[in-house]
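The data block below is my_file18.txt; it holds compact mmCIF, C-alpha atoms and all ligand atoms.
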```txt
# COMPACT_ATOMS: atom_id res chain seq x y z
CA MET A 1 0.00 0.00 0.00
CA ALA A 2 1.28 3.47 -0.89
CA GLY A 3 2.62 5.47 2.06
CA GLU A 4 2.59 9.23 2.59
CA PHE A 5 5.57 9.89 0.30
CA ASP A 6 4.15 7.88 -2.62
CA ALA A 7 0.72 9.49 -2.16
CA HIS A 8 2.38 12.92 -2.29
CA GLU A 9 4.22 11.93 -5.49
CA ARG A 10 0.97 10.83 -7.16
CA ARG A 11 -0.63 14.20 -6.32
CA MET A 12 2.49 16.15 -7.31
CA TRP A 13 2.66 14.69 -10.83
CA ALA A 14 -1.10 14.51 -11.49
CA GLY A 15 -1.97 16.53 -14.58
CA LYS A 16 1.62 17.83 -14.97
CA ALA A 17 2.70 15.86 -18.04
CA VAL A 18 2.35 18.58 -20.67
CA PRO A 19 4.02 21.38 -18.66
CA TYR A 20 6.76 18.95 -17.54
CA GLY A 21 7.42 18.02 -21.17
CA ARG A 22 7.70 21.71 -22.07
CA THR A 23 9.95 22.73 -19.19
CA PHE A 24 11.98 20.50 -16.85
CA ALA A 25 12.14 17.56 -19.29
CA ALA A 26 14.98 19.40 -21.03
CA LEU A 27 16.91 19.72 -17.76
CA CYS A 28 16.53 15.99 -17.01
CA GLY A 29 17.13 15.04 -20.66
CA ALA A 30 20.75 16.19 -20.56
CA ALA A 31 21.67 13.02 -18.64
CA VAL A 32 20.01 10.67 -21.13
CA PRO A 33 22.87 10.06 -23.63
CA GLU A 34 25.19 8.88 -20.82
CA LEU A 35 22.37 6.94 -19.15
CA VAL A 36 21.50 4.85 -22.20
CA ALA A 37 25.18 4.35 -23.09
CA ALA A 38 25.91 3.14 -19.54
CA ALA A 39 23.04 0.66 -19.78
CA GLY A 40 24.51 -0.74 -23.01
CA VAL A 41 21.45 0.18 -25.08
CA GLY A 42 21.92 -0.51 -28.78
CA ALA A 43 20.30 -2.05 -31.83
CA GLY A 44 18.03 -4.94 -30.82
CA THR A 45 18.43 -4.44 -27.05
CA THR A 46 15.20 -4.91 -25.09
CA VAL A 47 14.95 -1.88 -22.83
CA LEU A 48 12.61 -0.76 -20.07
CA ASP A 49 12.47 2.97 -19.27
CA VAL A 50 10.78 3.32 -15.87
CA GLY A 51 9.27 6.66 -14.85
CA THR A 52 9.56 7.67 -18.49
CA GLY A 53 7.86 11.06 -18.02
CA SER A 54 7.48 12.65 -21.44
CA GLY A 55 9.60 9.82 -22.88
CA THR A 56 13.07 11.32 -23.34
CA ALA A 57 15.09 8.17 -22.50
CA ALA A 58 12.62 5.93 -24.35
CA ALA A 59 12.99 8.11 -27.46
CA ALA A 60 16.79 7.96 -27.25
CA ALA A 61 16.67 4.16 -26.97
CA VAL A 62 14.31 3.89 -29.96
CA ARG A 63 16.71 6.07 -31.99
CA LEU A 64 19.49 3.61 -31.12
CA GLY A 65 17.43 0.77 -32.58
CA ALA A 66 16.38 -0.78 -29.25
CA ARG A 67 13.04 -2.50 -28.60
CA VAL A 68 11.60 -0.21 -25.97
CA THR A 69 8.97 -0.53 -23.26
CA ALA A 70 8.30 2.48 -21.03
CA VAL A 71 6.15 2.92 -17.93
CA ASP A 72 5.07 5.76 -15.68
CA ALA A 73 2.87 6.10 -12.61
CA GLU A 74 1.11 9.21 -13.92
CA PRO A 75 -1.49 8.41 -16.61
CA GLY A 76 -0.92 11.81 -18.27
CA MET A 77 2.78 10.97 -18.68
CA VAL A 78 1.86 7.60 -20.23
CA GLU A 79 -0.36 9.36 -22.76
CA LEU A 80 2.27 12.00 -23.57
CA ALA A 81 5.17 9.51 -23.85
CA ALA A 82 3.07 7.28 -26.14
CA GLU A 83 2.44 10.31 -28.35
CA ASN A 84 6.09 11.46 -28.27
CA VAL A 85 7.58 7.97 -28.80
CA PRO A 86 5.33 6.02 -31.16
CA GLY A 87 8.03 3.37 -31.51
CA ALA A 88 7.80 2.37 -27.82
CA ASP A 89 5.28 0.24 -25.96
CA VAL A 90 4.18 2.68 -23.22
CA ARG A 91 2.15 1.49 -20.24
CA HIS A 92 0.95 2.54 -16.83
CA ALA A 93 2.84 0.97 -13.90
CA VAL A 94 3.76 2.10 -10.41
CA LEU A 95 7.07 1.16 -8.81
CA PRO A 96 7.93 -0.81 -6.77
CA GLU A 97 5.73 -3.23 -8.74
CA LEU A 98 6.06 -3.88 -12.45
CA PRO A 99 3.69 -5.92 -14.63
CA PHE A 100 6.44 -7.89 -16.39
CA PRO A 101 7.71 -11.46 -15.97
CA ASP A 102 11.16 -12.13 -14.51
CA ALA A 103 14.14 -11.49 -16.83
CA SER A 104 12.11 -9.62 -19.48
CA PHE A 105 14.71 -6.99 -20.45
CA ASP A 106 18.39 -6.68 -21.42
CA ALA A 107 18.57 -3.22 -19.85
CA VAL A 108 16.56 -1.04 -17.52
CA VAL A 109 16.97 2.75 -17.20
CA ALA A 110 15.47 5.18 -14.70
CA ASN A 111 16.27 8.87 -15.24
CA PHE A 112 15.59 10.88 -12.05
CA VAL A 113 12.96 8.41 -10.82
CA ILE A 114 14.34 6.25 -7.99
CA ASN A 115 14.30 9.22 -5.58
CA HIS A 116 10.60 9.66 -6.35
CA VAL A 117 9.71 6.22 -4.97
CA GLU A 118 9.04 5.79 -1.25
CA ASP A 119 11.12 2.62 -1.10
CA PRO A 120 14.00 3.09 -3.59
CA ALA A 121 15.64 -0.21 -2.53
CA ALA A 122 12.45 -2.16 -3.27
CA ALA A 123 12.17 -0.38 -6.63
CA LEU A 124 15.75 -1.36 -7.55
CA ALA A 125 15.08 -4.97 -6.50
CA GLU A 126 12.04 -4.99 -8.80
CA LEU A 127 14.13 -3.58 -11.67
CA ARG A 128 16.58 -6.43 -11.02
CA ARG A 129 13.78 -9.00 -11.15
CA VAL A 130 12.68 -7.91 -14.62
CA THR A 131 16.28 -7.74 -15.96
CA ARG A 132 17.81 -10.85 -17.52
CA PRO A 133 20.90 -12.37 -15.87
CA GLY A 134 23.90 -10.38 -17.14
CA GLY A 135 21.66 -7.46 -18.14
CA ARG A 136 22.28 -3.91 -16.93
CA VAL A 137 20.61 -1.15 -15.01
CA ALA A 138 21.46 2.56 -15.18
CA VAL A 139 19.87 5.15 -12.90
CA THR A 140 20.32 8.85 -12.19
CA VAL A 141 19.42 11.14 -9.30
CA TRP A 142 20.21 14.80 -8.68
CA ALA A 143 23.58 15.08 -6.96
CA ALA A 144 23.99 16.35 -3.41
CA THR A 145 26.46 18.98 -4.62
CA GLY A 146 27.04 21.07 -7.74
CA ASN A 147 23.38 21.63 -8.43
CA THR A 148 22.31 25.21 -8.10
CA ALA A 149 19.57 25.61 -10.71
CA MET A 150 16.62 25.39 -8.30
CA GLY A 151 18.32 27.96 -6.05
CA LEU A 152 16.89 30.73 -8.24
CA PHE A 153 13.38 29.84 -7.12
CA THR A 154 14.25 29.46 -3.44
CA GLU A 155 16.05 32.82 -3.55
CA ALA A 156 12.95 34.45 -5.04
CA LEU A 157 10.70 32.83 -2.42
CA ASP A 158 13.03 33.97 0.37
CA ALA A 159 13.18 37.52 -1.03
CA ALA A 160 9.36 37.58 -0.98
CA GLU A 161 9.46 36.20 2.58
CA VAL A 162 7.36 33.18 1.64
CA GLY A 163 7.68 30.30 4.08
CA ARG A 164 7.81 26.77 2.72
CA PRO A 165 5.75 23.84 3.99
CA VAL A 166 7.52 20.64 4.91
CA PHE A 167 6.90 18.04 2.22
CA PRO A 168 7.14 14.28 2.84
CA THR A 169 10.68 12.91 2.56
CA LEU A 170 11.92 9.37 1.97
CA PRO A 171 11.46 7.31 5.16
CA VAL A 172 14.86 5.69 4.49
CA ASP A 173 17.04 8.01 2.44
CA PHE A 174 20.34 7.40 0.65
CA GLU A 175 23.30 9.65 -0.12
CA ARG A 176 23.03 11.43 -3.44
CA THR A 177 26.68 10.62 -4.23
CA PRO A 178 28.30 8.06 -6.55
CA GLU A 179 29.04 5.86 -3.51
CA GLY A 180 25.54 6.33 -2.06
CA LEU A 181 23.74 5.35 -5.27
CA ALA A 182 26.12 2.46 -5.99
CA GLY A 183 25.57 1.24 -2.41
CA LEU A 184 21.81 1.33 -2.92
CA LEU A 185 22.18 -0.85 -6.06
CA ALA A 186 24.45 -3.30 -4.20
CA GLY A 187 21.91 -3.53 -1.37
CA ALA A 188 19.23 -4.45 -3.91
CA GLY A 189 21.34 -7.38 -5.19
CA TRP A 190 22.95 -5.77 -8.27
CA GLN A 191 26.52 -6.80 -9.17
CA ASP A 192 29.57 -4.53 -9.69
CA PRO A 193 27.75 -1.22 -9.15
CA GLU A 194 29.67 1.87 -10.19
CA GLY A 195 28.65 5.47 -9.66
CA ARG A 196 29.94 8.68 -11.17
CA GLN A 197 29.03 12.33 -11.13
CA LEU A 198 27.75 14.07 -14.28
CA ALA A 199 27.95 17.84 -14.61
CA TRP A 200 26.65 20.17 -17.31
CA THR A 201 25.33 23.65 -17.88
CA HIS A 202 21.61 24.09 -18.45
CA ARG A 203 21.03 27.03 -20.79
CA VAL A 204 17.52 28.37 -20.69
CA SER A 205 15.72 31.72 -20.78
CA PRO A 206 14.54 33.01 -17.38
CA GLU A 207 10.91 32.95 -18.57
CA GLU A 208 11.07 29.37 -19.82
CA PHE A 209 12.73 28.24 -16.60
CA TRP A 210 10.07 29.99 -14.52
CA GLN A 211 7.34 28.12 -16.40
CA GLY A 212 8.34 24.83 -14.63
CA PRO A 213 7.38 25.79 -11.08
CA ALA A 214 4.76 28.24 -12.38
CA SER A 215 2.98 25.18 -13.83
CA GLY A 216 3.21 23.39 -10.48
CA ILE A 217 6.15 21.10 -11.28
CA ALA A 218 8.03 19.68 -8.25
CA ASN A 219 7.62 20.72 -4.63
CA LEU A 220 8.64 24.32 -5.37
CA GLY A 221 5.94 24.38 -8.04
CA LEU A 222 3.37 23.28 -5.46
CA VAL A 223 4.51 26.15 -3.23
CA ILE A 224 4.32 28.75 -6.01
CA THR A 225 0.98 27.63 -7.47
CA GLY A 226 -0.49 27.46 -3.94
CA LEU A 227 0.19 31.17 -3.22
CA PRO A 228 -2.41 33.93 -3.32
CA ALA A 229 -2.13 35.80 -6.65
CA ALA A 230 -0.54 38.94 -5.15
CA THR A 231 2.15 36.92 -3.33
CA ALA A 232 2.84 34.83 -6.45
CA ALA A 233 3.27 38.08 -8.42
CA LEU A 234 5.74 39.34 -5.81
CA VAL A 235 7.74 36.11 -6.04
CA LYS A 236 7.81 36.47 -9.83
CA GLU A 237 9.04 40.08 -9.53
CA HIS A 238 11.91 38.93 -7.33
CA TYR A 239 12.62 36.03 -9.69
CA ASP A 240 12.73 38.37 -12.71
CA ARG A 241 15.15 40.66 -10.88
CA ILE A 242 17.42 37.85 -9.65
CA ALA A 243 17.36 35.75 -12.85
CA GLY A 244 17.53 38.85 -15.09
CA GLY A 245 20.78 39.84 -13.38
CA ARG A 246 22.33 36.46 -14.17
CA THR A 247 21.74 36.08 -17.90
CA GLY A 248 24.59 36.10 -20.40
CA ALA A 249 24.91 38.15 -23.58
CA ASP A 250 22.60 35.61 -25.27
CA GLY A 251 19.83 36.42 -22.76
CA LEU A 252 20.03 32.90 -21.31
CA LEU A 253 20.78 31.60 -17.84
CA ALA A 254 23.75 29.20 -17.63
CA LEU A 255 22.77 27.01 -14.70
CA PRO A 256 25.19 24.46 -13.22
CA ALA A 257 23.50 21.05 -13.02
CA ALA A 258 24.91 17.88 -11.48
CA ALA A 259 23.60 14.33 -11.32
CA VAL A 260 24.84 10.99 -10.08
CA LEU A 261 24.72 8.14 -12.60
CA ALA A 262 25.10 4.58 -11.35
CA VAL A 263 25.25 1.42 -13.41
CA ALA A 264 25.31 -2.25 -12.41
CA ARG A 265 24.89 -5.77 -13.78
CA ARG A 266 22.32 -8.39 -12.81
C1 LIG B 1 11.62 13.81 -12.67
S1 LIG B 1 10.49 12.95 -13.65
C2 LIG B 1 11.60 12.16 -14.77
C3 LIG B 1 10.91 11.74 -16.04
C4 LIG B 1 11.81 11.16 -17.14
N1 LIG B 1 12.50 9.96 -16.69
C5 LIG B 1 12.77 12.18 -17.71
O1 LIG B 1 13.97 11.93 -17.71
O2 LIG B 1 12.31 13.24 -18.16
C6 LIG B 1 9.97 11.61 -12.61
C7 LIG B 1 8.94 10.71 -13.25
O3 LIG B 1 8.81 9.56 -12.42
C8 LIG B 1 7.46 9.21 -12.37
N2 LIG B 1 7.27 8.43 -11.14
C9 LIG B 1 7.28 8.88 -9.87
N3 LIG B 1 7.07 7.87 -9.00
C10 LIG B 1 6.91 6.75 -9.76
C11 LIG B 1 6.64 5.38 -9.45
N4 LIG B 1 6.48 4.97 -8.19
N5 LIG B 1 6.53 4.49 -10.46
C12 LIG B 1 6.68 4.90 -11.75
N6 LIG B 1 6.92 6.18 -12.10
C13 LIG B 1 7.04 7.09 -11.12
C14 LIG B 1 6.72 10.52 -12.38
O4 LIG B 1 5.36 10.39 -12.74
C15 LIG B 1 7.55 11.30 -13.39
O5 LIG B 1 7.08 11.10 -14.69
```
Would you write the structure of this file as structure tokens?
Ligand SMILES: C[S@@+](CC[C@H](N)C(=O)[O-])C[C@H]1O[C@@H](n2cnc3c(N)ncnc32)[C@H](O)[C@@H]1O
Amino acid sequence: MAGEFDAHERRMWAGKAVPYGRTFAALCGAAVPELVAAAGVGAGTTVLDVGTGSGTAAAAAVRLGARVTAVDAEPGMVELAAENVPGADVRHAVLPELPFPDASFDAVVANFVINHVEDPAAALAELRRVTRPGGRVAVTVWAATGNTAMGLFTEALDAAEVGRPVFPTLPVDFERTPEGLAGLLAGAGWQDPEGRQLAWTHRVSPEEFWQGPASGIANLGLVITGLPAATAALVKEHYDRIAGGRTGADGLLALPAAAVLAVARR
């Protein structure tokens, strides 16, 4: 039965597929080329993309000639990914349970998903169950350090003196480091786990970046869309001032982003 964290996740993503696809999908998508390469995805590989969102990793795997299945817990994401990636078999499924027989896939990928599941260890054990012996898993999470993009929104909220509610956290958390994520995979029975940090610069206009939380994406989005209109307008004024002062000559923000990628073998 879903606990408080999972229930919060279901509410947080409900109805957010289209705005997610237009905004933060690009931020998450930067990790996809390394993710699919680490999982050994290639022509003819059978691949499962769990928590596919708008389908970025599934699309990359299809382009590589893989036979792709993708699942997501949010029905709107399933619909959008099916539209975006006609070459994939997209279905509704909620980790930590998957509707596939044991050893169904050569590779499983999860791009910024494991940290959205109340029991990440159980989710990784389920990914192992559906992977064939010798097959691979590759997962990403946002790194504990080197990630300052979301700071723009928290700075704007602080400048507007908006307090933030406490949202549910993982009952048993793990370190968002290469060692922490590799350790989580080892604990779930995966062999030879290896983690590494990925870093890149997310270039985006201030207005486009604002549209993520302004459409209710992520916890900060829930905060911003839950404000009275006048307070939300004040937060936006502060955001425009702060973000506007940090754009380059091209008018874009250059936001440091960092993720942890871990890969292992069944
Ligand atoms: C940050 S988004 C990442 C989406 C996509 N992987 C990408 O790279 O753009 C997290 C996704 O995980 C999905 N998700 C969250 N909890 C899930 C669960 N328990 N089972 C399956 N999907 C889940 C959400 O609905 C959302 O689409």
Hey, which of A:Val113, A:Ala143, A:Ile242, A:Ala232 ends up closest to Gly51 in chain A? Count all atoms listed in the file. A:Val113
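Identified as lying at most 7 Å from ligand LIG 1 (chain B) when counting only C-alpha atoms and all ligand atoms are the residues Asp6, Glu9, Trp13, Ala25, Cys28, Gly29, Val50, Gly51, Thr52, Gly53, Ser54, Gly55, Thr56, Ala57, Val71, Asp72, Ala73, Glu74, Met77, Ala93, Val94, Leu95, Pro96, Ala110, Asn111, Phe112, Val113, His116 and Val117 of chain A.
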Next, write the just-selected residues to a file, as a PDB file, keeping the file's coordinate frame, keeping C-alpha atoms as the atom set.
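Printed below is result.pdb as written:
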```pdb
ATOM      1  CA  ASP A   6       4.150   7.880  -2.620  1.00  0.00           C
ATOM      2  CA  GLU A   9       4.220  11.930  -5.490  1.00  0.00           C
ATOM      3  CA  TRP A  13       2.660  14.690 -10.830  1.00  0.00           C
ATOM      4  CA  ALA A  25      12.140  17.560 -19.290  1.00  0.00           C
ATOM      5  CA  CYS A  28      16.530  15.990 -17.010  1.00  0.00           C
ATOM      6  CA  GLY A  29      17.130  15.040 -20.660  1.00  0.00           C
ATOM      7  CA  VAL A  50      10.780   3.320 -15.870  1.00  0.00           C
ATOM      8  CA  GLY A  51       9.270   6.660 -14.850  1.00  0.00           C
ATOM      9  CA  THR A  52       9.560   7.670 -18.490  1.00  0.00           C
ATOM     10  CA  GLY A  53       7.860  11.060 -18.020  1.00  0.00           C
ATOM     11  CA  SER A  54       7.480  12.650 -21.440  1.00  0.00           C
ATOM     12  CA  GLY A  55       9.600   9.820 -22.880  1.00  0.00           C
ATOM     13  CA  THR A  56      13.070  11.320 -23.340  1.00  0.00           C
ATOM     14  CA  ALA A  57      15.090   8.170 -22.500  1.00  0.00           C
ATOM     15  CA  VAL A  71       6.150   2.920 -17.930  1.00  0.00           C
ATOM     16  CA  ASP A  72       5.070   5.760 -15.680  1.00  0.00           C
ATOM     17  CA  ALA A  73       2.870   6.100 -12.610  1.00  0.00           C
ATOM     18  CA  GLU A  74       1.110   9.210 -13.920  1.00  0.00           C
ATOM     19  CA  MET A  77       2.780  10.970 -18.680  1.00  0.00           C
ATOM     20  CA  ALA A  93       2.840   0.970 -13.900  1.00  0.00           C
ATOM     21  CA  VAL A  94       3.760   2.100 -10.410  1.00  0.00           C
ATOM     22  CA  LEU A  95       7.070   1.160  -8.810  1.00  0.00           C
ATOM     23  CA  PRO A  96       7.930  -0.810  -6.770  1.00  0.00           C
ATOM     24  CA  ALA A 110      15.470   5.180 -14.700  1.00  0.00           C
ATOM     25  CA  ASN A 111      16.270   8.870 -15.240  1.00  0.00           C
ATOM     26  CA  PHE A 112      15.590  10.880 -12.050  1.00  0.00           C
ATOM     27  CA  VAL A 113      12.960   8.410 -10.820  1.00  0.00           C
ATOM     28  CA  HIS A 116      10.600   9.660  -6.350  1.00  0.00           C
ATOM     29  CA  VAL A 117       9.710   6.220  -4.970  1.00  0.00           C
TER      30      VAL A 117
END
```
Which one of A:Leu234, A:Val130, A:Val41, A:Leu255 sits closest to Pro206 in chain A if you count only C-alpha atoms?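 Of A:Leu234, A:Val130, A:Val41, A:Leu255, the one nearest Pro206 in chain A is A:Leu255, counting only C-alpha atoms.
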For Gly244 in chain A, list every protein, DNA or RNA residue within 12 Å, evaluated using all atoms listed in the file, and leave out those in the same chain fewer than 4 positions away; present the list as a list in words. Leu152, Ala156, Val204, Ser205, Pro206, Glu207, Phe209, Trp210, Lys236, Glu237, His238, Tyr239, Asp240, Gly248, Ala249, Asp250, Gly251, Leu252, Leu253 and Ala254 of chain A
Who sits within 9 Å of Thr46 in chain A, all atoms listed in the file, same chain under 2 positions skipped, as an NGL selection string: :A and (41-44 or 48 or 66-69 or 104-108)
So, with all atoms listed in the file as the atoms that count, which of A:Leu222, A:Leu157, A:Leu198, A:Ala149 lies closest to Val32 in chain A? A:Leu198
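Shortest atom-to-atom contact with Ala59 in chain A among A:Ala37, A:Ala199, A:Ala88, A:Ile217: A:Ala88, counting all atoms listed in the file.
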At a cut-off of 9 Å, using all atoms listed in the file, what residues contact Asn115 in chain A? Leave out same-chain residues fewer than 5 positions from it and give the result as a compact mmCIF listing (two decimals) with C-alpha atoms, in the coordinates of the input.
```
# COMPACT_ATOMS: atom_id res chain seq x y z
CA PRO A 120 14.00 3.09 -3.59
CA THR A 140 20.32 8.85 -12.19
CA VAL A 141 19.42 11.14 -9.30
CA TRP A 142 20.21 14.80 -8.68
CA LEU A 170 11.92 9.37 1.97
CA ASP A 173 17.04 8.01 2.44
CA PHE A 174 20.34 7.40 0.65
```
May I ask you to restore N, CA, C and O atoms in range 158-183 of chain A and write the result as an mmCIF file, keeping the file's coordinate frame?
```
data_model
loop_
_atom_site.group_PDB
_atom_site.id
_atom_site.type_symbol
_atom_site.label_atom_id
_atom_site.label_comp_id
_atom_site.auth_asym_id
_atom_site.auth_seq_id
_atom_site.Cartn_x
_atom_site.Cartn_y
_atom_site.Cartn_z
ATOM 1 N N ASP A 158 12.481 33.359 -0.848
ATOM 2 C CA ASP A 158 13.030 33.970 0.370
ATOM 3 C C ASP A 158 12.924 35.486 0.295
ATOM 4 O O ASP A 158 12.563 36.138 1.281
ATOM 5 N N ALA A 159 13.241 36.057 -0.886
ATOM 6 C CA ALA A 159 13.180 37.520 -1.030
ATOM 7 C C ALA A 159 11.758 38.022 -0.801
ATOM 8 O O ALA A 159 11.547 39.110 -0.284
ATOM 9 N N ALA A 160 10.775 37.195 -1.174
ATOM 10 C CA ALA A 160 9.360 37.580 -0.980
ATOM 11 C C ALA A 160 8.864 37.163 0.413
ATOM 12 O O ALA A 160 7.685 37.326 0.722
ATOM 13 N N GLU A 161 9.778 36.637 1.215
ATOM 14 C CA GLU A 161 9.460 36.200 2.580
ATOM 15 C C GLU A 161 8.315 35.195 2.621
ATOM 16 O O GLU A 161 7.399 35.290 3.438
ATOM 17 N N VAL A 162 8.368 34.255 1.682
ATOM 18 C CA VAL A 162 7.360 33.180 1.640
ATOM 19 C C VAL A 162 7.935 31.959 2.355
ATOM 20 O O VAL A 162 9.002 31.462 1.969
ATOM 21 N N GLY A 163 7.246 31.503 3.370
ATOM 22 C CA GLY A 163 7.680 30.300 4.080
ATOM 23 C C GLY A 163 7.363 29.070 3.249
ATOM 24 O O GLY A 163 6.519 29.125 2.347
ATOM 25 N N ARG A 164 8.054 27.986 3.512
ATOM 26 C CA ARG A 164 7.810 26.770 2.720
ATOM 27 C C ARG A 164 7.302 25.652 3.618
ATOM 28 O O ARG A 164 7.881 25.409 4.679
ATOM 29 N N PRO A 165 6.230 24.960 3.188
ATOM 30 C CA PRO A 165 5.750 23.840 3.990
ATOM 31 C C PRO A 165 6.768 22.695 3.964
ATOM 32 O O PRO A 165 7.622 22.649 3.084
ATOM 33 N N VAL A 166 6.648 21.812 4.911
ATOM 34 C CA VAL A 166 7.520 20.640 4.910
ATOM 35 C C VAL A 166 6.820 19.561 4.095
ATOM 36 O O VAL A 166 5.688 19.180 4.401
ATOM 37 N N PHE A 167 7.479 19.101 3.044
ATOM 38 C CA PHE A 167 6.900 18.040 2.220
ATOM 39 C C PHE A 167 7.425 16.685 2.687
ATOM 40 O O PHE A 167 8.507 16.613 3.281
ATOM 41 N N PRO A 168 6.667 15.608 2.422
ATOM 42 C CA PRO A 168 7.140 14.280 2.840
ATOM 43 C C PRO A 168 8.511 13.960 2.251
ATOM 44 O O PRO A 168 8.794 14.328 1.108
ATOM 45 N N THR A 169 9.349 13.329 3.040
ATOM 46 C CA THR A 169 10.680 12.910 2.560
ATOM 47 C C THR A 169 10.742 11.390 2.594
ATOM 48 O O THR A 169 9.883 10.735 3.197
ATOM 49 N N LEU A 170 11.778 10.830 1.973
ATOM 50 C CA LEU A 170 11.920 9.370 1.970
ATOM 51 C C LEU A 170 12.081 8.860 3.392
ATOM 52 O O LEU A 170 12.935 9.379 4.125
ATOM 53 N N PRO A 171 11.316 7.847 3.797
ATOM 54 C CA PRO A 171 11.460 7.310 5.160
ATOM 55 C C PRO A 171 12.871 6.782 5.409
ATOM 56 O O PRO A 171 13.418 6.978 6.483
ATOM 57 N N VAL A 172 13.465 6.126 4.384
ATOM 58 C CA VAL A 172 14.860 5.690 4.490
ATOM 59 C C VAL A 172 15.586 6.289 3.297
ATOM 60 O O VAL A 172 15.347 5.882 2.157
ATOM 61 N N ASP A 173 16.409 7.297 3.559
ATOM 62 C CA ASP A 173 17.040 8.010 2.440
ATOM 63 C C ASP A 173 18.414 7.399 2.119
ATOM 64 O O ASP A 173 18.887 6.521 2.841
ATOM 65 N N PHE A 174 19.002 7.858 1.044
ATOM 66 C CA PHE A 174 20.340 7.400 0.650
ATOM 67 C C PHE A 174 21.132 8.627 0.233
ATOM 68 O O PHE A 174 20.558 9.668 -0.090
ATOM 69 N N GLU A 175 22.459 8.511 0.243
ATOM 70 C CA GLU A 175 23.300 9.650 -0.120
ATOM 71 C C GLU A 175 23.285 9.862 -1.617
ATOM 72 O O GLU A 175 23.459 8.902 -2.381
ATOM 73 N N ARG A 176 23.083 11.099 -2.002
ATOM 74 C CA ARG A 176 23.030 11.430 -3.440
ATOM 75 C C ARG A 176 24.455 11.657 -3.949
ATOM 76 O O ARG A 176 24.816 12.740 -4.382
ATOM 77 N N THR A 177 25.270 10.612 -3.800
ATOM 78 C CA THR A 177 26.680 10.620 -4.230
ATOM 79 C C THR A 177 26.907 9.341 -5.049
ATOM 80 O O THR A 177 26.114 8.389 -4.969
ATOM 81 N N PRO A 178 28.011 9.284 -5.810
ATOM 82 C CA PRO A 178 28.300 8.060 -6.550
ATOM 83 C C PRO A 178 28.332 6.835 -5.632
ATOM 84 O O PRO A 178 27.774 5.782 -5.969
ATOM 85 N N GLU A 179 28.938 6.992 -4.440
ATOM 86 C CA GLU A 179 29.040 5.860 -3.510
ATOM 87 C C GLU A 179 27.648 5.519 -2.953
ATOM 88 O O GLU A 179 27.292 4.339 -2.796
ATOM 89 N N GLY A 180 26.878 6.544 -2.643
ATOM 90 C CA GLY A 180 25.540 6.330 -2.060
ATOM 91 C C GLY A 180 24.626 5.577 -3.018
ATOM 92 O O GLY A 180 23.928 4.628 -2.628
ATOM 93 N N LEU A 181 24.634 5.979 -4.291
ATOM 94 C CA LEU A 181 23.740 5.350 -5.270
ATOM 95 C C LEU A 181 24.230 3.938 -5.624
ATOM 96 O O LEU A 181 23.427 3.000 -5.745
ATOM 97 N N ALA A 182 25.562 3.797 -5.714
ATOM 98 C CA ALA A 182 26.120 2.460 -5.990
ATOM 99 C C ALA A 182 25.798 1.529 -4.824
ATOM 100 O O ALA A 182 25.461 0.346 -5.025
ATOM 101 N N GLY A 183 25.873 2.047 -3.601
ATOM 102 C CA GLY A 183 25.570 1.240 -2.410
ATOM 103 C C GLY A 183 24.114 0.789 -2.403
ATOM 104 O O GLY A 183 23.799 -0.337 -1.994
#
```
